[in-house]
Amino acid sequence: RALENDEYRRVTDGYLPTASVAFLDEIFKANSAILNTLLTILNERQFDNGAGRREECPIRCVVGASNELPESDELDALYDRFLLRQEVLPVSDDGLLRLLGQPAPGAAPDAPLPGLDAALADLSSAADAVILP
């Protein structure tokens with residue numbers, strides 16, 4: 001029926017407009033239409049779903065990643081919406097093996113990662129202290 005009435009409505013279930021947490025990879029490579037949509041979601045927590053319909057977005061946390069910083073004024077507004085920023089340097093070959101849980105070449109197969117148990121215990125304690133509404 002919607003097509004017969006020239007109604008255009010996107011199905012958003014399972015996509016960003018219905019997410020509470022989102023990871024956006026290569027965020028600064030988005031085109032202007034995507035940027036406008038993202039800004040509306042980030043600023044107003046709303047999504048324009050055609051024909052003047054605005055839907056509430058339950059978004060609570062957005063993590064963006066990019067291999068490059070924005071180089072155009074058009075991207076500055078989006079960049080400004082990310083209040084916490086952390087530059088992450090490339091992972092070395094040895095570091096990648098550790099991240100993947102593989103022993104480094106020549107290392108004992110069951111060699112534990114230094115400090116891993118303590119870091120996991122600290123993380124577990126911190127998670128227990130988080131109060132969710």
# chains A, B, ... in the order shown; residues from 1 in each chain; ligands from 1
>>> select_by_dssp(residues="chain A", states="alpha helix (DSSP H)", output="PyMOL selection string")
chain A and resi 32-44+73-80+93-99+116-129
>>> residues_around(residues="Val62 of chain A", least_positions_apart="2", cutoff="10 Å", atoms="only C-alpha atoms", output="number ranges by chain")
A: 16, 19-24, 42, 59-60, 64, 81-82
>>> write_last_selection(atoms="N, CA, C and O atoms", output="short mmCIF file (atom, residue, chain, number, x, y, z; two decimals), in the first residue's frame")
data_model
loop_
_atom_site.label_atom_id
_atom_site.label_comp_id
_atom_site.auth_asym_id
_atom_site.auth_seq_id
_atom_site.Cartn_x
_atom_site.Cartn_y
_atom_site.Cartn_z
N LEU A 16 21.29 1.46 12.60
CA LEU A 16 21.69 2.56 13.47
C LEU A 16 20.52 3.31 14.11
O LEU A 16 20.57 3.59 15.31
N ALA A 19 19.59 1.46 17.26
CA ALA A 19 20.66 0.96 18.13
C ALA A 19 20.83 1.84 19.35
O ALA A 19 20.60 3.05 19.31
N SER A 20 21.27 1.23 20.44
CA SER A 20 21.62 2.02 21.62
C SER A 20 23.14 2.23 21.68
O SER A 20 23.60 3.21 22.25
N VAL A 21 23.90 1.34 21.06
CA VAL A 21 25.35 1.45 20.99
C VAL A 21 25.74 1.18 19.53
O VAL A 21 25.21 0.26 18.91
N ALA A 22 26.66 1.99 19.01
CA ALA A 22 27.06 1.81 17.61
C ALA A 22 28.56 2.02 17.44
O ALA A 22 29.16 2.86 18.11
N PHE A 23 29.14 1.25 16.53
CA PHE A 23 30.52 1.43 16.12
C PHE A 23 30.49 1.81 14.65
O PHE A 23 29.95 1.08 13.82
N LEU A 24 31.05 2.97 14.33
CA LEU A 24 31.07 3.47 12.96
C LEU A 24 32.51 3.47 12.45
O LEU A 24 33.32 4.29 12.88
N LEU A 42 23.06 12.12 16.19
CA LEU A 42 23.93 12.45 17.32
C LEU A 42 23.43 13.66 18.10
O LEU A 42 23.50 13.69 19.33
N ILE A 59 19.92 5.87 20.80
CA ILE A 59 21.39 5.83 20.83
C ILE A 59 21.92 6.41 22.14
O ILE A 59 21.48 7.46 22.59
N ARG A 60 22.87 5.69 22.77
CA ARG A 60 23.48 6.14 24.02
C ARG A 60 24.99 6.30 23.88
O ARG A 60 25.59 7.10 24.55
N GLY A 64 33.47 5.94 16.98
CA GLY A 64 33.87 6.10 15.58
C GLY A 64 35.33 5.78 15.41
O GLY A 64 36.14 6.00 16.31
N ARG A 81 31.49 16.25 17.51
CA ARG A 81 30.51 15.50 18.31
C ARG A 81 31.16 14.39 19.13
O ARG A 81 30.57 13.88 20.04
N PHE A 82 32.39 14.04 18.79
CA PHE A 82 33.09 13.00 19.53
C PHE A 82 33.92 13.67 20.63
O PHE A 82 34.97 14.24 20.36
#
>>> select_by_dssp(residues="segment 7-124 of chain A", states="strand (DSSP E)", output="list of chain:residue names")
A:Val21, A:Ala22, A:Phe23, A:Leu24, A:Asp25, A:Gln46, A:Phe47, A:Asp48, A:Arg54, A:Glu55, A:Glu56, A:Cys61, A:Val62, A:Val63, A:Gly64, A:Ala65
>>> residues_around(residues="segment 67-77 of chain A", least_positions_apart="3", cutoff="7 Å", atoms="only C-alpha atoms", output="number ranges by chain")
A: 26, 28, 80-81
>>> residues_around(residues="Leu116 of chain A", least_positions_apart="5", cutoff="12 Å", atoms="only C-alpha atoms", output="list in words")
Arg98, Leu99, Gly101, Ala111, Ala121, Asp122 and Leu123 of chain A
>>> write_last_selection(atoms="N, CA and C atoms", output="PDB file, in the first residue's frame")
ATOM      1  N   ARG A  98      50.136 -11.027  19.933  1.00  0.00           N
ATOM      2  CA  ARG A  98      49.668 -11.016  21.327  1.00  0.00           C
ATOM      3  C   ARG A  98      48.177 -10.714  21.394  1.00  0.00           C
ATOM      4  N   LEU A  99      47.729  -9.749  20.579  1.00  0.00           N
ATOM      5  CA  LEU A  99      46.301  -9.429  20.565  1.00  0.00           C
ATOM      6  C   LEU A  99      45.459 -10.620  20.132  1.00  0.00           C
ATOM      7  N   GLY A 101      46.228 -13.637  20.623  1.00  0.00           N
ATOM      8  CA  GLY A 101      46.419 -14.742  21.539  1.00  0.00           C
ATOM      9  C   GLY A 101      47.360 -15.815  21.027  1.00  0.00           C
ATOM     10  N   ALA A 111      52.983 -19.463  26.887  1.00  0.00           N
ATOM     11  CA  ALA A 111      53.508 -18.314  27.629  1.00  0.00           C
ATOM     12  C   ALA A 111      52.390 -17.308  27.877  1.00  0.00           C
ATOM     13  N   ALA A 121      41.379  -8.719  36.095  1.00  0.00           N
ATOM     14  CA  ALA A 121      40.806  -8.571  37.438  1.00  0.00           C
ATOM     15  C   ALA A 121      40.396  -7.118  37.680  1.00  0.00           C
ATOM     16  N   ASP A 122      41.243  -6.177  37.272  1.00  0.00           N
ATOM     17  CA  ASP A 122      40.913  -4.754  37.417  1.00  0.00           C
ATOM     18  C   ASP A 122      39.679  -4.403  36.598  1.00  0.00           C
ATOM     19  N   LEU A 123      39.608  -4.909  35.391  1.00  0.00           N
ATOM     20  CA  LEU A 123      38.458  -4.653  34.519  1.00  0.00           C
ATOM     21  C   LEU A 123      37.181  -5.226  35.113  1.00  0.00           C
TER      22      LEU A 123
END
>>> atom_distance(atom1="atom CA of Leu78 of chain A", atom2="atom CA of Leu35 of chain A")
7.3 Å
>>> atom_distance(atom1="atom CA of Cys61 of chain A", atom2="atom CA of Thr37 of chain A")
16.1 Å
>>> closest_residue(among="A:Ala119, A:Val63, A:Leu100, A:Ala33", to="Gln86 of chain A", atoms="only C-alpha atoms")
A:Val63
>>> atom_distance(atom1="atom CA of Lys29 of chain A", atom2="atom CA of Gly50 of chain A")
24.0 Å
>>> decode(residues="segment 4-15 of chain A", atoms="all heavy atoms", output="PDB file, in the first residue's frame")
ATOM      1  N   GLU A   4       1.715   2.393  -3.420  1.00  0.00           N
ATOM      2  CA  GLU A   4       0.554   2.942  -4.121  1.00  0.00           C
ATOM      3  C   GLU A   4       0.278   4.381  -3.710  1.00  0.00           C
ATOM      4  O   GLU A   4      -0.231   5.174  -4.486  1.00  0.00           O
ATOM      5  CB  GLU A   4      -0.677   2.079  -3.840  1.00  0.00           C
ATOM      6  CG  GLU A   4      -0.591   0.695  -4.443  1.00  0.00           C
ATOM      7  CD  GLU A   4      -1.725  -0.206  -3.976  1.00  0.00           C
ATOM      8  OE1 GLU A   4      -2.629   0.270  -3.252  1.00  0.00           O
ATOM      9  OE2 GLU A   4      -1.690  -1.390  -4.337  1.00  0.00           O
ATOM     10  N   ASN A   5       0.623   4.718  -2.473  1.00  0.00           N
ATOM     11  CA  ASN A   5       0.393   6.060  -1.948  1.00  0.00           C
ATOM     12  C   ASN A   5       1.639   6.935  -2.015  1.00  0.00           C
ATOM     13  O   ASN A   5       1.688   7.987  -1.378  1.00  0.00           O
ATOM     14  CB  ASN A   5      -0.098   5.980  -0.503  1.00  0.00           C
ATOM     15  CG  ASN A   5      -1.432   5.291  -0.397  1.00  0.00           C
ATOM     16  OD1 ASN A   5      -2.269   5.372  -1.298  1.00  0.00           O
ATOM     17  ND2 ASN A   5      -1.630   4.579   0.699  1.00  0.00           N
ATOM     18  N   ASP A   6       2.676   6.488  -2.751  1.00  0.00           N
ATOM     19  CA  ASP A   6       3.932   7.217  -2.874  1.00  0.00           C
ATOM     20  C   ASP A   6       4.558   7.529  -1.513  1.00  0.00           C
ATOM     21  O   ASP A   6       5.097   8.608  -1.289  1.00  0.00           O
ATOM     22  CB  ASP A   6       3.756   8.523  -3.669  1.00  0.00           C
ATOM     23  CG  ASP A   6       3.575   8.256  -5.155  1.00  0.00           C
ATOM     24  OD1 ASP A   6       4.131   7.240  -5.630  1.00  0.00           O
ATOM     25  OD2 ASP A   6       2.904   9.053  -5.821  1.00  0.00           O
ATOM     26  N   GLU A   7       4.489   6.579  -0.599  1.00  0.00           N
ATOM     27  CA  GLU A   7       5.104   6.745   0.713  1.00  0.00           C
ATOM     28  C   GLU A   7       6.443   6.025   0.722  1.00  0.00           C
ATOM     29  O   GLU A   7       6.551   4.886   0.276  1.00  0.00           O
ATOM     30  CB  GLU A   7       4.208   6.162   1.810  1.00  0.00           C
ATOM     31  CG  GLU A   7       2.933   6.928   2.031  1.00  0.00           C
ATOM     32  CD  GLU A   7       2.077   6.311   3.122  1.00  0.00           C
ATOM     33  OE1 GLU A   7       2.615   5.522   3.934  1.00  0.00           O
ATOM     34  OE2 GLU A   7       0.887   6.605   3.154  1.00  0.00           O
ATOM     35  N   TYR A   8       7.436   6.704   1.233  1.00  0.00           N
ATOM     36  CA  TYR A   8       8.768   6.125   1.328  1.00  0.00           C
ATOM     37  C   TYR A   8       9.141   6.061   2.791  1.00  0.00           C
ATOM     38  O   TYR A   8       9.203   7.078   3.483  1.00  0.00           O
ATOM     39  CB  TYR A   8       9.785   6.978   0.562  1.00  0.00           C
ATOM     40  CG  TYR A   8      11.179   6.409   0.595  1.00  0.00           C
ATOM     41  CD1 TYR A   8      11.535   5.345  -0.219  1.00  0.00           C
ATOM     42  CD2 TYR A   8      12.130   6.938   1.457  1.00  0.00           C
ATOM     43  CE1 TYR A   8      12.803   4.804  -0.184  1.00  0.00           C
ATOM     44  CE2 TYR A   8      13.413   6.412   1.493  1.00  0.00           C
ATOM     45  CZ  TYR A   8      13.738   5.346   0.673  1.00  0.00           C
ATOM     46  OH  TYR A   8      14.996   4.822   0.715  1.00  0.00           O
ATOM     47  N   ARG A   9       9.352   4.853   3.276  1.00  0.00           N
ATOM     48  CA  ARG A   9       9.717   4.664   4.677  1.00  0.00           C
ATOM     49  C   ARG A   9      10.770   3.572   4.753  1.00  0.00           C
ATOM     50  O   ARG A   9      10.594   2.485   4.232  1.00  0.00           O
ATOM     51  CB  ARG A   9       8.491   4.286   5.487  1.00  0.00           C
ATOM     52  CG  ARG A   9       8.766   4.156   6.944  1.00  0.00           C
ATOM     53  CD  ARG A   9       7.488   3.780   7.699  1.00  0.00           C
ATOM     54  NE  ARG A   9       7.810   3.514   9.072  1.00  0.00           N
ATOM     55  CZ  ARG A   9       7.444   4.279  10.071  1.00  0.00           C
ATOM     56  NH1 ARG A   9       6.740   5.357   9.860  1.00  0.00           N
ATOM     57  NH2 ARG A   9       7.780   3.968  11.297  1.00  0.00           N
ATOM     58  N   ARG A  10      11.891   3.892   5.402  1.00  0.00           N
ATOM     59  CA  ARG A  10      12.980   2.921   5.528  1.00  0.00           C
ATOM     60  C   ARG A  10      12.687   1.942   6.661  1.00  0.00           C
ATOM     61  O   ARG A  10      12.188   2.339   7.709  1.00  0.00           O
ATOM     62  CB  ARG A  10      14.294   3.640   5.831  1.00  0.00           C
ATOM     63  CG  ARG A  10      14.774   4.524   4.721  1.00  0.00           C
ATOM     64  CD  ARG A  10      15.966   5.348   5.212  1.00  0.00           C
ATOM     65  NE  ARG A  10      16.321   6.377   4.275  1.00  0.00           N
ATOM     66  CZ  ARG A  10      15.839   7.613   4.280  1.00  0.00           C
ATOM     67  NH1 ARG A  10      14.963   7.976   5.188  1.00  0.00           N
ATOM     68  NH2 ARG A  10      16.230   8.494   3.382  1.00  0.00           N
ATOM     69  N   VAL A  11      13.065   0.698   6.466  1.00  0.00           N
ATOM     70  CA  VAL A  11      13.008  -0.295   7.529  1.00  0.00           C
ATOM     71  C   VAL A  11      14.279  -0.109   8.351  1.00  0.00           C
ATOM     72  O   VAL A  11      15.384  -0.248   7.828  1.00  0.00           O
ATOM     73  CB  VAL A  11      12.925  -1.726   6.958  1.00  0.00           C
ATOM     74  CG1 VAL A  11      12.986  -2.766   8.070  1.00  0.00           C
ATOM     75  CG2 VAL A  11      11.664  -1.892   6.122  1.00  0.00           C
ATOM     76  N   THR A  12      14.133   0.228   9.622  1.00  0.00           N
ATOM     77  CA  THR A  12      15.300   0.577  10.443  1.00  0.00           C
ATOM     78  C   THR A  12      15.613  -0.445  11.524  1.00  0.00           C
ATOM     79  O   THR A  12      16.627  -0.314  12.202  1.00  0.00           O
ATOM     80  CB  THR A  12      15.100   1.954  11.097  1.00  0.00           C
ATOM     81  OG1 THR A  12      13.914   1.911  11.905  1.00  0.00           O
ATOM     82  CG2 THR A  12      14.984   3.054  10.052  1.00  0.00           C
ATOM     83  N   ASP A  13      14.768  -1.442  11.710  1.00  0.00           N
ATOM     84  CA  ASP A  13      15.024  -2.443  12.746  1.00  0.00           C
ATOM     85  C   ASP A  13      16.370  -3.114  12.504  1.00  0.00           C
ATOM     86  O   ASP A  13      16.644  -3.619  11.419  1.00  0.00           O
ATOM     87  CB  ASP A  13      13.920  -3.499  12.780  1.00  0.00           C
ATOM     88  CG  ASP A  13      12.603  -2.945  13.281  1.00  0.00           C
ATOM     89  OD1 ASP A  13      12.626  -1.885  13.936  1.00  0.00           O
ATOM     90  OD2 ASP A  13      11.556  -3.566  13.019  1.00  0.00           O
ATOM     91  N   GLY A  14      17.204  -3.104  13.529  1.00  0.00           N
ATOM     92  CA  GLY A  14      18.519  -3.717  13.428  1.00  0.00           C
ATOM     93  C   GLY A  14      19.592  -2.812  12.844  1.00  0.00           C
ATOM     94  O   GLY A  14      20.724  -3.247  12.648  1.00  0.00           O
ATOM     95  N   TYR A  15      19.245  -1.568  12.560  1.00  0.00           N
ATOM     96  CA  TYR A  15      20.203  -0.617  11.993  1.00  0.00           C
ATOM     97  C   TYR A  15      20.418   0.553  12.963  1.00  0.00           C
ATOM     98  O   TYR A  15      19.787   0.640  14.009  1.00  0.00           O
ATOM     99  CB  TYR A  15      19.711  -0.114  10.632  1.00  0.00           C
ATOM    100  CG  TYR A  15      19.710  -1.194   9.583  1.00  0.00           C
ATOM    101  CD1 TYR A  15      18.568  -1.947   9.340  1.00  0.00           C
ATOM    102  CD2 TYR A  15      20.853  -1.485   8.849  1.00  0.00           C
ATOM    103  CE1 TYR A  15      18.570  -2.947   8.388  1.00  0.00           C
ATOM    104  CE2 TYR A  15      20.869  -2.484   7.892  1.00  0.00           C
ATOM    105  CZ  TYR A  15      19.725  -3.219   7.665  1.00  0.00           C
ATOM    106  OH  TYR A  15      19.741  -4.219   6.737  1.00  0.00           O
TER     107      TYR A  15
END
